[in-house]
Amino acid sequence: GRDRILYSEKLNVASELAASVSHEIRNPLTVTNGFLQLLAKSQTVTEQEKRYINLSLLELKRAEKIVSDYLSFAKPQSENMVYSNMREEVDYTHEIIMPYALLHNVDVRLTFNNTLKAHYDRNQITQCLINLYKNGIEAMTEKGGGTLLIDISEKKQNIMVRIEDTGIGMTNEEISHLYKPRYSTKEEGTGLGMLMVYSTLNKVKGNIEVHSEKGKGTTFLLTIPASTVETFEMNKK
Ligand code: ADP
Ligand code: MG
C-alpha cells in the first residue's frame with residue numbers, strides 16, 4: 001500500500017546516502033593505509049614502532065571491513081546472485097557467529113528443514129543473517145547470556161527464517177524505529193544493521209515480522225518467496 005511506497009522512497013535516499021558515506025570513508029582509509037605502508041618501509045623505524053604500524057594497518061583493515069559489511073548493499077552485486085535453499089549461508093553464518101555467541105554466554109540452536117530454493121544475493125543474505133544474530137546476542141548481554149534459536153523451514157511456497165532471542169526485548173515504540181537509518185540504543189551502534197536487513201528482504205520481495213516483549217525477548221520471522229528453476233530461466237531470457 002501507500003506505506004510501502006513511502007518506505008521504498010526513503011530506502012532509495014538511504015542507499016544513496018550509504019553509497020556516498022561508504023565512498024567518503026574509504027578514501028581517507030586508503031590514504032592513511034598508503035602512508036603507513038611507506039612508514040613501515042623506513043630504515044629508521046624500530047621493531048617496536050613497526051609493531052605499532054602493523055597494528056594500525058590491521059585496525060584500518062577492520063574499519064574498511066565494517067564499511068563494506070554495513071554498506072555493501074549500496075551497490076548492485078549481480079555477480080553474487082545464486083539460486084539456492086540457503087543451507088550454505090546458514091551454515092557459514094552459524095559458524096562465524098559462534099565465537100561471538102560463546103563470548104556472550106549465548107547458546108545457539110540451529111534447525112534446518114528447507115528444500116525450497118530462491119534467488120538471492122549471497123553476500124546480502126549472509127550480511128542480513130549476521131546482523132540479526134548479532135542483534136539477538138547483543139540483546140542478551142545485559143542478562144548475562146541466553147538462547148538464540150535459528151530455525152529455517154518451509155511453508156507453502158516460502159522459505160521461513162525464524163530468529164528468536166531471550167534478550168531485553170522492545171516496546172512497540174522501539175519497534176517503530178527499528179528500520180530507521182542510524183537508530184541505535186547502543187553506545188557504539190551504527191544503526192545500519194536493521195536497515196540492511198530491511199533492504200535485503202525488500203530485494204527478494206520477502207517480508208519481516210517482529211514479535212517482541214519488553215524484558216522477555218524478540219522473534220524475527222523472515223518470509224522469502226521461493227522460486228522455481230523454470231521461472232529463473234524465463235527471467236534470464
Ligand atoms: P545497532 O545494532 O548498531 O544498534 P541495528 O540497526 O542493528 O543497529 O539495530 C537498531 C536497534 O534496534 C538496536 O540498537 C536495538 O535497540 C534494536 N534491536 C534490534 N534487534 C534487537 C533485538 N533482537 N532485541 C532488542 N532490540 C533490538
Ligand atoms: Mg546491529
# chains A, B, ... in the order shown; residues from 1 in each chain; ligands from 1

call {"tool": "residues_near_ligand", "arguments": {"ligand": "ligand 2", "cutoff": "6 Å", "atoms": "only C-alpha atoms and all ligand atoms", "output": "PyMOL selection string"}}
result
chain A and resi 131+135+193

call {"tool": "residues_around", "arguments": {"residues": "segment 223-226 of chain A", "least_positions_apart": "4", "cutoff": "12 Å", "atoms": "only C-alpha atoms", "output": "PyMOL selection string"}}
result
chain A and resi 83-86+114-120+125+152-163+198+200-210+230-232

call {"tool": "write_last_selection", "arguments": {"atoms": "C-alpha atoms", "output": "mmCIF file, in the first residue's frame"}}
result
data_model
loop_
_atom_site.group_PDB
_atom_site.id
_atom_site.type_symbol
_atom_site.label_atom_id
_atom_site.label_comp_id
_atom_site.auth_asym_id
_atom_site.auth_seq_id
_atom_site.Cartn_x
_atom_site.Cartn_y
_atom_site.Cartn_z
ATOM 1 C CA TYR A 83 19.653 -19.963 -6.735
ATOM 2 C CA SER A 84 19.751 -21.990 -3.552
ATOM 3 C CA ASN A 85 17.999 -23.201 -0.361
ATOM 4 C CA MET A 86 20.159 -21.037 1.962
ATOM 5 C CA ASN A 114 14.075 -26.463 3.984
ATOM 6 C CA THR A 115 14.191 -27.822 0.463
ATOM 7 C CA LEU A 116 12.813 -24.759 -1.308
ATOM 8 C CA LYS A 117 15.088 -22.561 -3.376
ATOM 9 C CA ALA A 118 15.117 -18.840 -4.016
ATOM 10 C CA HIS A 119 17.173 -16.359 -5.995
ATOM 11 C CA TYR A 120 19.213 -14.092 -3.773
ATOM 12 C CA ILE A 125 21.715 -12.722 2.779
ATOM 13 C CA ILE A 152 14.881 -22.413 8.776
ATOM 14 C CA SER A 153 11.822 -24.161 7.418
ATOM 15 C CA GLU A 154 9.366 -24.037 4.548
ATOM 16 C CA LYS A 155 5.714 -23.087 4.445
ATOM 17 C CA LYS A 156 3.699 -23.248 1.248
ATOM 18 C CA GLN A 157 5.993 -21.631 -1.316
ATOM 19 C CA ASN A 158 8.080 -19.670 1.173
ATOM 20 C CA ILE A 159 11.380 -20.113 2.954
ATOM 21 C CA MET A 160 10.775 -19.205 6.592
ATOM 22 C CA VAL A 161 13.638 -17.934 8.750
ATOM 23 C CA ARG A 162 12.917 -17.571 12.451
ATOM 24 C CA ILE A 163 15.455 -15.912 14.727
ATOM 25 C CA TYR A 198 15.078 -4.437 5.503
ATOM 26 C CA THR A 200 17.747 -7.308 1.676
ATOM 27 C CA LEU A 201 14.219 -8.564 2.348
ATOM 28 C CA ASN A 202 12.873 -5.872 0.065
ATOM 29 C CA LYS A 203 15.110 -7.101 -2.744
ATOM 30 C CA VAL A 204 13.968 -10.705 -2.501
ATOM 31 C CA LYS A 205 10.340 -9.498 -2.268
ATOM 32 C CA GLY A 206 10.158 -11.007 1.167
ATOM 33 C CA ASN A 207 8.674 -9.880 4.421
ATOM 34 C CA ILE A 208 9.782 -9.287 8.022
ATOM 35 C CA GLU A 209 7.601 -9.783 11.058
ATOM 36 C CA VAL A 210 8.709 -8.786 14.550
ATOM 37 C CA GLU A 230 11.725 -22.593 -14.753
ATOM 38 C CA THR A 231 10.999 -19.029 -13.624
ATOM 39 C CA PHE A 232 14.714 -18.396 -13.324
#

call {"tool": "residues_around", "arguments": {"residues": "Leu103 of chain A", "least_positions_apart": "5", "cutoff": "10 Å", "atoms": "only C-alpha atoms", "output": "VMD selection string"}}
result
chain A and resid 98 137 141 145

call {"tool": "closest_atom_pairs", "arguments": {"of": "chain A", "to": "ligand 1", "cutoff": "10 Å", "atoms": "only C-alpha atoms and all ligand atoms", "output": "JSON lines"}}
result
{"residue": "A:Tyr70", "atom": "CA", "partner": "ligand 1", "partner_atom_place_in_ligand_line": "3 (O)", "distance": 9.6}
{"residue": "A:Cys128", "atom": "CA", "partner": "ligand 1", "partner_atom_place_in_ligand_line": "7 (O)", "distance": 9.7}
{"residue": "A:Ile130", "atom": "CA", "partner": "ligand 1", "partner_atom_place_in_ligand_line": "7 (O)", "distance": 9.8}
{"residue": "A:Asn131", "atom": "CA", "partner": "ligand 1", "partner_atom_place_in_ligand_line": "7 (O)", "distance": 6.0}
{"residue": "A:Leu132", "atom": "CA", "partner": "ligand 1", "partner_atom_place_in_ligand_line": "20 (N)", "distance": 6.6}
{"residue": "A:Tyr133", "atom": "CA", "partner": "ligand 1", "partner_atom_place_in_ligand_line": "23 (N)", "distance": 7.8}
{"residue": "A:Lys134", "atom": "CA", "partner": "ligand 1", "partner_atom_place_in_ligand_line": "2 (O)", "distance": 7.4}
{"residue": "A:Asn135", "atom": "CA", "partner": "ligand 1", "partner_atom_place_in_ligand_line": "20 (N)", "distance": 4.5}
{"residue": "A:Gly136", "atom": "CA", "partner": "ligand 1", "partner_atom_place_in_ligand_line": "23 (N)", "distance": 3.9}
{"residue": "A:Ile137", "atom": "CA", "partner": "ligand 1", "partner_atom_place_in_ligand_line": "23 (N)", "distance": 7.4}
{"residue": "A:Glu138", "atom": "CA", "partner": "ligand 1", "partner_atom_place_in_ligand_line": "22 (C)", "distance": 7.4}
{"residue": "A:Ala139", "atom": "CA", "partner": "ligand 1", "partner_atom_place_in_ligand_line": "24 (N)", "distance": 4.7}
{"residue": "A:Met140", "atom": "CA", "partner": "ligand 1", "partner_atom_place_in_ligand_line": "24 (N)", "distance": 7.9}
{"residue": "A:Leu148", "atom": "CA", "partner": "ligand 1", "partner_atom_place_in_ligand_line": "23 (N)", "distance": 9.6}
{"residue": "A:Ile163", "atom": "CA", "partner": "ligand 1", "partner_atom_place_in_ligand_line": "23 (N)", "distance": 8.5}
{"residue": "A:Glu164", "atom": "CA", "partner": "ligand 1", "partner_atom_place_in_ligand_line": "23 (N)", "distance": 7.6}
{"residue": "A:Asp165", "atom": "CA", "partner": "ligand 1", "partner_atom_place_in_ligand_line": "23 (N)", "distance": 6.3}
{"residue": "A:Thr166", "atom": "CA", "partner": "ligand 1", "partner_atom_place_in_ligand_line": "24 (N)", "distance": 8.4}
{"residue": "A:Gly167", "atom": "CA", "partner": "ligand 1", "partner_atom_place_in_ligand_line": "24 (N)", "distance": 6.0}
{"residue": "A:Ile168", "atom": "CA", "partner": "ligand 1", "partner_atom_place_in_ligand_line": "25 (C)", "distance": 5.7}
{"residue": "A:Gly169", "atom": "CA", "partner": "ligand 1", "partner_atom_place_in_ligand_line": "25 (C)", "distance": 4.5}
{"residue": "A:Met170", "atom": "CA", "partner": "ligand 1", "partner_atom_place_in_ligand_line": "25 (C)", "distance": 5.4}
{"residue": "A:Thr171", "atom": "CA", "partner": "ligand 1", "partner_atom_place_in_ligand_line": "26 (N)", "distance": 9.0}
{"residue": "A:Glu174", "atom": "CA", "partner": "ligand 1", "partner_atom_place_in_ligand_line": "16 (O)", "distance": 7.0}
{"residue": "A:Ile175", "atom": "CA", "partner": "ligand 1", "partner_atom_place_in_ligand_line": "12 (O)", "distance": 7.3}
{"residue": "A:Ser176", "atom": "CA", "partner": "ligand 1", "partner_atom_place_in_ligand_line": "12 (O)", "distance": 9.5}
{"residue": "A:His177", "atom": "CA", "partner": "ligand 1", "partner_atom_place_in_ligand_line": "12 (O)", "distance": 7.4}
{"residue": "A:Leu178", "atom": "CA", "partner": "ligand 1", "partner_atom_place_in_ligand_line": "12 (O)", "distance": 4.9}
{"residue": "A:Tyr179", "atom": "CA", "partner": "ligand 1", "partner_atom_place_in_ligand_line": "6 (O)", "distance": 6.4}
{"residue": "A:Lys180", "atom": "CA", "partner": "ligand 1", "partner_atom_place_in_ligand_line": "6 (O)", "distance": 7.5}
{"residue": "A:Pro181", "atom": "CA", "partner": "ligand 1", "partner_atom_place_in_ligand_line": "6 (O)", "distance": 7.2}
{"residue": "A:Arg182", "atom": "CA", "partner": "ligand 1", "partner_atom_place_in_ligand_line": "6 (O)", "distance": 6.9}
{"residue": "A:Tyr183", "atom": "CA", "partner": "ligand 1", "partner_atom_place_in_ligand_line": "10 (C)", "distance": 5.4}
{"residue": "A:Ser184", "atom": "CA", "partner": "ligand 1", "partner_atom_place_in_ligand_line": "14 (O)", "distance": 3.4}
{"residue": "A:Thr185", "atom": "CA", "partner": "ligand 1", "partner_atom_place_in_ligand_line": "14 (O)", "distance": 4.0}
{"residue": "A:Lys186", "atom": "CA", "partner": "ligand 1", "partner_atom_place_in_ligand_line": "4 (O)", "distance": 5.0}
{"residue": "A:Glu187", "atom": "CA", "partner": "ligand 1", "partner_atom_place_in_ligand_line": "4 (O)", "distance": 8.0}
{"residue": "A:Glu188", "atom": "CA", "partner": "ligand 1", "partner_atom_place_in_ligand_line": "3 (O)", "distance": 6.9}
{"residue": "A:Gly189", "atom": "CA", "partner": "ligand 1", "partner_atom_place_in_ligand_line": "3 (O)", "distance": 3.3}
{"residue": "A:Thr190", "atom": "CA", "partner": "ligand 1", "partner_atom_place_in_ligand_line": "3 (O)", "distance": 3.8}
{"residue": "A:Gly191", "atom": "CA", "partner": "ligand 1", "partner_atom_place_in_ligand_line": "8 (O)", "distance": 3.3}
{"residue": "A:Leu192", "atom": "CA", "partner": "ligand 1", "partner_atom_place_in_ligand_line": "6 (O)", "distance": 4.4}
{"residue": "A:Gly193", "atom": "CA", "partner": "ligand 1", "partner_atom_place_in_ligand_line": "7 (O)", "distance": 3.5}
{"residue": "A:Met194", "atom": "CA", "partner": "ligand 1", "partner_atom_place_in_ligand_line": "6 (O)", "distance": 3.7}
{"residue": "A:Leu195", "atom": "CA", "partner": "ligand 1", "partner_atom_place_in_ligand_line": "6 (O)", "distance": 5.8}
{"residue": "A:Met196", "atom": "CA", "partner": "ligand 1", "partner_atom_place_in_ligand_line": "6 (O)", "distance": 7.6}
{"residue": "A:Val197", "atom": "CA", "partner": "ligand 1", "partner_atom_place_in_ligand_line": "6 (O)", "distance": 8.3}
{"residue": "A:Tyr198", "atom": "CA", "partner": "ligand 1", "partner_atom_place_in_ligand_line": "6 (O)", "distance": 9.6}
{"residue": "A:Val210", "atom": "CA", "partner": "ligand 1", "partner_atom_place_in_ligand_line": "23 (N)", "distance": 9.3}
{"residue": "A:His211", "atom": "CA", "partner": "ligand 1", "partner_atom_place_in_ligand_line": "23 (N)", "distance": 9.8}
{"residue": "A:Ser212", "atom": "CA", "partner": "ligand 1", "partner_atom_place_in_ligand_line": "24 (N)", "distance": 7.7}
{"residue": "A:Glu213", "atom": "CA", "partner": "ligand 1", "partner_atom_place_in_ligand_line": "25 (C)", "distance": 9.2}
{"residue": "A:Lys214", "atom": "CA", "partner": "ligand 1", "partner_atom_place_in_ligand_line": "25 (C)", "distance": 8.4}
{"residue": "A:Gly215", "atom": "CA", "partner": "ligand 1", "partner_atom_place_in_ligand_line": "25 (C)", "distance": 9.2}
{"residue": "A:Lys216", "atom": "CA", "partner": "ligand 1", "partner_atom_place_in_ligand_line": "24 (N)", "distance": 9.5}
{"residue": "A:Gly217", "atom": "CA", "partner": "ligand 1", "partner_atom_place_in_ligand_line": "24 (N)", "distance": 6.5}
{"residue": "A:Thr218", "atom": "CA", "partner": "ligand 1", "partner_atom_place_in_ligand_line": "23 (N)", "distance": 5.3}
{"residue": "A:Thr219", "atom": "CA", "partner": "ligand 1", "partner_atom_place_in_ligand_line": "23 (N)", "distance": 7.2}
{"residue": "A:Phe220", "atom": "CA", "partner": "ligand 1", "partner_atom_place_in_ligand_line": "23 (N)", "distance": 7.7}

call {"tool": "select_by_dssp", "arguments": {"residues": "segment 5-225 of chain A", "states": "strand (DSSP E or B)", "output": "VMD selection string"}}
result
chain A and resid 81 to 84 106 to 113 118 to 121 146 to 155 158 to 165 207 to 213 217 to 225

call {"tool": "write_last_selection", "arguments": {"atoms": "N, CA and C atoms", "output": "compact mmCIF listing (two decimals), in the first residue's frame"}}
result
# COMPACT_ATOMS: atom_id res chain seq x y z
N MET A 81 24.65 -13.35 -7.25
CA MET A 81 23.33 -13.96 -7.29
C MET A 81 23.43 -15.48 -7.36
N VAL A 82 22.66 -16.15 -6.50
CA VAL A 82 22.62 -17.61 -6.51
C VAL A 82 21.16 -18.07 -6.50
N TYR A 83 20.97 -19.34 -6.83
CA TYR A 83 19.65 -19.96 -6.74
C TYR A 83 19.83 -21.15 -5.80
N SER A 84 19.39 -20.99 -4.55
CA SER A 84 19.75 -21.99 -3.55
C SER A 84 18.75 -22.04 -2.40
N VAL A 106 26.02 -17.14 25.07
CA VAL A 106 24.78 -17.43 24.36
C VAL A 106 24.83 -18.83 23.72
N ASP A 107 23.78 -19.58 23.99
CA ASP A 107 23.64 -20.92 23.45
C ASP A 107 22.90 -20.81 22.11
N VAL A 108 23.55 -21.20 21.03
CA VAL A 108 22.92 -21.08 19.71
C VAL A 108 22.34 -22.43 19.29
N ARG A 109 21.07 -22.46 18.96
CA ARG A 109 20.43 -23.70 18.50
C ARG A 109 19.91 -23.52 17.09
N LEU A 110 20.42 -24.37 16.20
CA LEU A 110 20.08 -24.24 14.79
C LEU A 110 19.30 -25.46 14.31
N THR A 111 18.19 -25.21 13.65
CA THR A 111 17.49 -26.29 12.97
C THR A 111 17.23 -25.88 11.53
N PHE A 112 17.44 -26.83 10.62
CA PHE A 112 17.29 -26.52 9.20
C PHE A 112 16.42 -27.58 8.53
N ASN A 113 15.28 -27.18 8.05
CA ASN A 113 14.38 -28.10 7.35
C ASN A 113 13.76 -27.40 6.15
N ALA A 118 15.46 -20.20 -3.61
CA ALA A 118 15.12 -18.84 -4.02
C ALA A 118 16.33 -18.21 -4.69
N HIS A 119 16.08 -17.13 -5.41
CA HIS A 119 17.17 -16.36 -5.99
C HIS A 119 17.54 -15.25 -5.02
N TYR A 120 18.80 -15.16 -4.68
CA TYR A 120 19.21 -14.09 -3.77
C TYR A 120 20.69 -13.77 -3.93
N ASP A 121 21.04 -12.62 -3.41
CA ASP A 121 22.43 -12.19 -3.40
C ASP A 121 23.10 -12.81 -2.17
N GLY A 146 21.98 -16.18 27.22
CA GLY A 146 20.65 -16.69 26.90
C GLY A 146 20.71 -17.66 25.75
N THR A 147 19.60 -17.76 25.03
CA THR A 147 19.50 -18.72 23.93
C THR A 147 19.10 -18.01 22.64
N LEU A 148 19.80 -18.35 21.57
CA LEU A 148 19.45 -17.83 20.26
C LEU A 148 18.99 -19.01 19.40
N LEU A 149 17.71 -18.98 19.04
CA LEU A 149 17.16 -20.03 18.19
C LEU A 149 17.16 -19.57 16.75
N ILE A 150 17.69 -20.42 15.89
CA ILE A 150 17.67 -20.13 14.46
C ILE A 150 16.96 -21.30 13.80
N ASP A 151 15.86 -21.02 13.14
CA ASP A 151 15.09 -22.11 12.54
C ASP A 151 14.74 -21.78 11.10
N ILE A 152 15.18 -22.63 10.19
CA ILE A 152 14.88 -22.41 8.78
C ILE A 152 13.96 -23.54 8.33
N SER A 153 12.80 -23.16 7.83
CA SER A 153 11.82 -24.16 7.42
C SER A 153 11.11 -23.68 6.16
N GLU A 154 10.13 -24.46 5.71
CA GLU A 154 9.37 -24.04 4.55
C GLU A 154 7.88 -24.06 4.87
N LYS A 155 7.15 -23.16 4.24
CA LYS A 155 5.71 -23.09 4.44
C LYS A 155 5.10 -22.63 3.13
N ASN A 158 7.18 -20.64 0.56
CA ASN A 158 8.08 -19.67 1.17
C ASN A 158 9.15 -20.33 2.03
N ILE A 159 10.34 -19.73 2.00
CA ILE A 159 11.38 -20.11 2.95
C ILE A 159 11.14 -19.26 4.20
N MET A 160 11.04 -19.91 5.34
CA MET A 160 10.77 -19.21 6.59
C MET A 160 12.03 -19.22 7.47
N VAL A 161 12.47 -18.03 7.87
CA VAL A 161 13.64 -17.93 8.75
C VAL A 161 13.18 -17.31 10.06
N ARG A 162 13.33 -18.08 11.14
CA ARG A 162 12.92 -17.57 12.45
C ARG A 162 14.15 -17.39 13.31
N ILE A 163 14.32 -16.20 13.86
CA ILE A 163 15.46 -15.91 14.73
C ILE A 163 14.91 -15.38 16.04
N GLU A 164 15.13 -16.15 17.08
CA GLU A 164 14.48 -15.85 18.36
C GLU A 164 15.51 -15.70 19.47
N ASP A 165 15.43 -14.61 20.22
CA ASP A 165 16.36 -14.44 21.34
C ASP A 165 15.61 -14.28 22.66
N ASN A 207 9.39 -10.60 3.39
CA ASN A 207 8.67 -9.88 4.42
C ASN A 207 9.34 -10.11 5.78
N ILE A 208 9.26 -9.12 6.66
CA ILE A 208 9.78 -9.29 8.02
C ILE A 208 8.66 -9.05 9.02
N GLU A 209 8.56 -9.94 9.97
CA GLU A 209 7.60 -9.78 11.06
C GLU A 209 8.41 -9.73 12.35
N VAL A 210 8.02 -8.87 13.26
CA VAL A 210 8.71 -8.79 14.55
C VAL A 210 7.72 -9.02 15.67
N HIS A 211 8.07 -9.90 16.57
CA HIS A 211 7.29 -10.09 17.79
C HIS A 211 8.25 -9.86 18.94
N SER A 212 7.89 -8.95 19.83
CA SER A 212 8.81 -8.66 20.92
C SER A 212 8.06 -8.34 22.20
N GLU A 213 8.65 -8.75 23.30
CA GLU A 213 8.08 -8.41 24.59
C GLU A 213 9.19 -7.85 25.45
N GLY A 217 12.12 -10.99 25.29
CA GLY A 217 12.85 -11.42 24.10
C GLY A 217 12.17 -11.00 22.81
N THR A 218 12.82 -11.33 21.72
CA THR A 218 12.35 -10.90 20.41
C THR A 218 12.42 -12.04 19.40
N THR A 219 11.42 -12.08 18.53
CA THR A 219 11.45 -13.05 17.43
C THR A 219 11.32 -12.31 16.11
N PHE A 220 12.24 -12.59 15.20
CA PHE A 220 12.14 -12.08 13.84
C PHE A 220 11.73 -13.23 12.94
N LEU A 221 10.72 -12.98 12.13
CA LEU A 221 10.27 -14.00 11.21
C LEU A 221 10.38 -13.47 9.79
N LEU A 222 11.31 -14.05 9.03
CA LEU A 222 11.51 -13.60 7.65
C LEU A 222 10.81 -14.57 6.70
N THR A 223 10.12 -14.03 5.74
CA THR A 223 9.48 -14.86 4.72
C THR A 223 10.12 -14.54 3.38
N ILE A 224 10.69 -15.56 2.76
CA ILE A 224 11.34 -15.35 1.46
C ILE A 224 10.64 -16.23 0.43
N PRO A 225 9.97 -15.63 -0.55
CA PRO A 225 9.27 -16.44 -1.54
C PRO A 225 10.23 -17.30 -2.36

call {"tool": "select_by_dssp", "arguments": {"residues": "segment 3-221 of chain A", "states": "alpha helix (DSSP H)", "output": "ChimeraX atom specification"}}
result
/A:3-41,47-71,87-103,122-140,172-177,193-203

call {"tool": "write_last_selection", "arguments": {"atoms": "C-alpha atoms", "output": "mmCIF file, in the first residue's frame"}}
result
data_model
loop_
_atom_site.group_PDB
_atom_site.id
_atom_site.type_symbol
_atom_site.label_atom_id
_atom_site.label_comp_id
_atom_site.auth_asym_id
_atom_site.auth_seq_id
_atom_site.Cartn_x
_atom_site.Cartn_y
_atom_site.Cartn_z
ATOM 1 C CA ASP A 3 3.255 2.998 3.401
ATOM 2 C CA ARG A 4 5.232 0.571 1.295
ATOM 3 C CA ILE A 5 5.766 3.167 -1.462
ATOM 4 C CA LEU A 6 6.828 5.830 1.012
ATOM 5 C CA TYR A 7 9.207 3.372 2.591
ATOM 6 C CA SER A 8 10.944 2.444 -0.645
ATOM 7 C CA GLU A 9 11.386 6.139 -1.448
ATOM 8 C CA LYS A 10 13.064 6.549 1.922
ATOM 9 C CA LEU A 11 15.135 3.494 1.180
ATOM 10 C CA ASN A 12 16.437 4.979 -2.072
ATOM 11 C CA VAL A 13 17.598 8.076 -0.227
ATOM 12 C CA ALA A 14 19.151 5.873 2.433
ATOM 13 C CA SER A 15 21.082 3.739 -0.021
ATOM 14 C CA GLU A 16 22.293 6.785 -1.915
ATOM 15 C CA LEU A 17 23.493 8.208 1.377
ATOM 16 C CA ALA A 18 25.090 4.891 2.275
ATOM 17 C CA ALA A 19 26.884 4.752 -1.076
ATOM 18 C CA SER A 20 28.395 8.197 -0.617
ATOM 19 C CA VAL A 21 29.275 7.642 3.050
ATOM 20 C CA SER A 22 30.964 4.411 2.060
ATOM 21 C CA HIS A 23 32.935 6.244 -0.631
ATOM 22 C CA GLU A 24 33.867 9.182 1.619
ATOM 23 C CA ILE A 25 35.146 6.902 4.361
ATOM 24 C CA ARG A 26 37.084 4.611 2.046
ATOM 25 C CA ASN A 27 39.179 7.472 0.630
ATOM 26 C CA PRO A 28 40.841 8.593 3.888
ATOM 27 C CA LEU A 29 41.272 4.937 4.856
ATOM 28 C CA THR A 30 43.157 4.269 1.622
ATOM 29 C CA VAL A 31 45.348 7.359 2.010
ATOM 30 C CA THR A 32 46.213 6.506 5.629
ATOM 31 C CA ASN A 33 46.928 2.944 4.633
ATOM 32 C CA GLY A 34 49.380 4.137 1.971
ATOM 33 C CA PHE A 35 51.316 6.405 4.353
ATOM 34 C CA LEU A 36 51.551 3.667 6.969
ATOM 35 C CA GLN A 37 52.902 1.233 4.363
ATOM 36 C CA LEU A 38 55.546 3.815 3.474
ATOM 37 C CA LEU A 39 56.465 4.324 7.146
ATOM 38 C CA ALA A 40 56.802 0.581 7.658
ATOM 39 C CA LYS A 41 59.477 0.509 4.948
ATOM 40 C CA GLU A 47 60.958 -3.004 15.813
ATOM 41 C CA GLN A 48 58.529 -1.655 18.395
ATOM 42 C CA GLU A 49 57.390 1.129 16.041
ATOM 43 C CA LYS A 50 56.966 -1.415 13.255
ATOM 44 C CA ARG A 51 54.631 -3.369 15.540
ATOM 45 C CA TYR A 52 52.538 -0.254 16.148
ATOM 46 C CA ILE A 53 52.377 0.416 12.417
ATOM 47 C CA ASN A 54 51.250 -3.133 11.717
ATOM 48 C CA LEU A 55 48.595 -2.929 14.417
ATOM 49 C CA SER A 56 47.345 0.315 12.867
ATOM 50 C CA LEU A 57 47.219 -1.360 9.460
ATOM 51 C CA LEU A 58 45.157 -4.208 10.922
ATOM 52 C CA GLU A 59 42.771 -1.746 12.560
ATOM 53 C CA LEU A 60 42.395 0.110 9.271
ATOM 54 C CA LYS A 61 41.547 -3.162 7.602
ATOM 55 C CA ARG A 62 38.891 -3.747 10.249
ATOM 56 C CA ALA A 63 37.395 -0.300 9.666
ATOM 57 C CA GLU A 64 37.312 -0.994 5.945
ATOM 58 C CA LYS A 65 35.529 -4.280 6.665
ATOM 59 C CA ILE A 66 32.888 -2.570 8.777
ATOM 60 C CA VAL A 67 32.252 -0.146 5.952
ATOM 61 C CA SER A 68 31.867 -2.914 3.390
ATOM 62 C CA ASP A 69 29.844 -5.105 5.754
ATOM 63 C CA TYR A 70 27.292 -2.472 6.594
ATOM 64 C CA LEU A 71 27.248 -0.564 3.349
ATOM 65 C CA ARG A 87 21.873 -24.057 3.529
ATOM 66 C CA GLU A 88 25.369 -22.771 2.737
ATOM 67 C CA GLU A 89 24.695 -19.276 4.031
ATOM 68 C CA VAL A 90 23.011 -20.580 7.189
ATOM 69 C CA ASP A 91 25.887 -22.986 7.955
ATOM 70 C CA TYR A 92 28.527 -20.379 7.195
ATOM 71 C CA THR A 93 26.923 -17.633 9.312
ATOM 72 C CA HIS A 94 26.272 -20.120 12.145
ATOM 73 C CA GLU A 95 29.956 -20.964 12.178
ATOM 74 C CA ILE A 96 31.244 -17.410 12.148
ATOM 75 C CA ILE A 97 28.836 -16.187 14.838
ATOM 76 C CA MET A 98 29.885 -18.949 17.296
ATOM 77 C CA PRO A 99 32.902 -17.177 18.853
ATOM 78 C CA TYR A 100 30.764 -14.065 19.398
ATOM 79 C CA ALA A 101 27.992 -16.179 20.949
ATOM 80 C CA LEU A 102 30.407 -18.037 23.245
ATOM 81 C CA LEU A 103 31.938 -14.763 24.350
ATOM 82 C CA ARG A 122 24.701 -14.430 -1.335
ATOM 83 C CA ASN A 123 26.605 -11.565 0.334
ATOM 84 C CA GLN A 124 23.445 -9.710 1.244
ATOM 85 C CA ILE A 125 21.715 -12.722 2.779
ATOM 86 C CA THR A 126 24.901 -13.537 4.688
ATOM 87 C CA GLN A 127 25.158 -9.987 5.997
ATOM 88 C CA CYS A 128 21.462 -9.916 6.819
ATOM 89 C CA LEU A 129 21.645 -13.116 8.906
ATOM 90 C CA ILE A 130 24.752 -11.920 10.728
ATOM 91 C CA ASN A 131 23.147 -8.576 11.563
ATOM 92 C CA LEU A 132 20.109 -10.359 13.020
ATOM 93 C CA TYR A 133 22.199 -12.874 15.018
ATOM 94 C CA LYS A 134 24.428 -10.079 16.322
ATOM 95 C CA ASN A 135 21.441 -8.033 17.469
ATOM 96 C CA GLY A 136 19.963 -11.099 19.168
ATOM 97 C CA ILE A 137 23.206 -11.833 21.005
ATOM 98 C CA GLU A 138 23.707 -8.186 21.939
ATOM 99 C CA ALA A 139 20.139 -8.056 23.314
ATOM 100 C CA MET A 140 21.109 -10.811 25.758
ATOM 101 C CA ASN A 172 6.108 -1.001 20.307
ATOM 102 C CA GLU A 173 7.649 2.469 20.281
ATOM 103 C CA GLU A 174 11.132 0.964 19.912
ATOM 104 C CA ILE A 175 9.934 -1.411 17.192
ATOM 105 C CA SER A 176 8.604 1.563 15.202
ATOM 106 C CA HIS A 177 12.167 2.951 14.907
ATOM 107 C CA GLY A 193 22.133 -3.295 10.665
ATOM 108 C CA MET A 194 18.340 -3.425 10.529
ATOM 109 C CA LEU A 195 18.210 -1.077 7.558
ATOM 110 C CA MET A 196 20.433 -3.550 5.763
ATOM 111 C CA VAL A 197 18.081 -6.378 6.782
ATOM 112 C CA TYR A 198 15.078 -4.437 5.503
ATOM 113 C CA SER A 199 16.807 -3.652 2.225
ATOM 114 C CA THR A 200 17.747 -7.308 1.676
ATOM 115 C CA LEU A 201 14.219 -8.564 2.348
ATOM 116 C CA ASN A 202 12.873 -5.872 0.065
ATOM 117 C CA LYS A 203 15.110 -7.101 -2.744
#
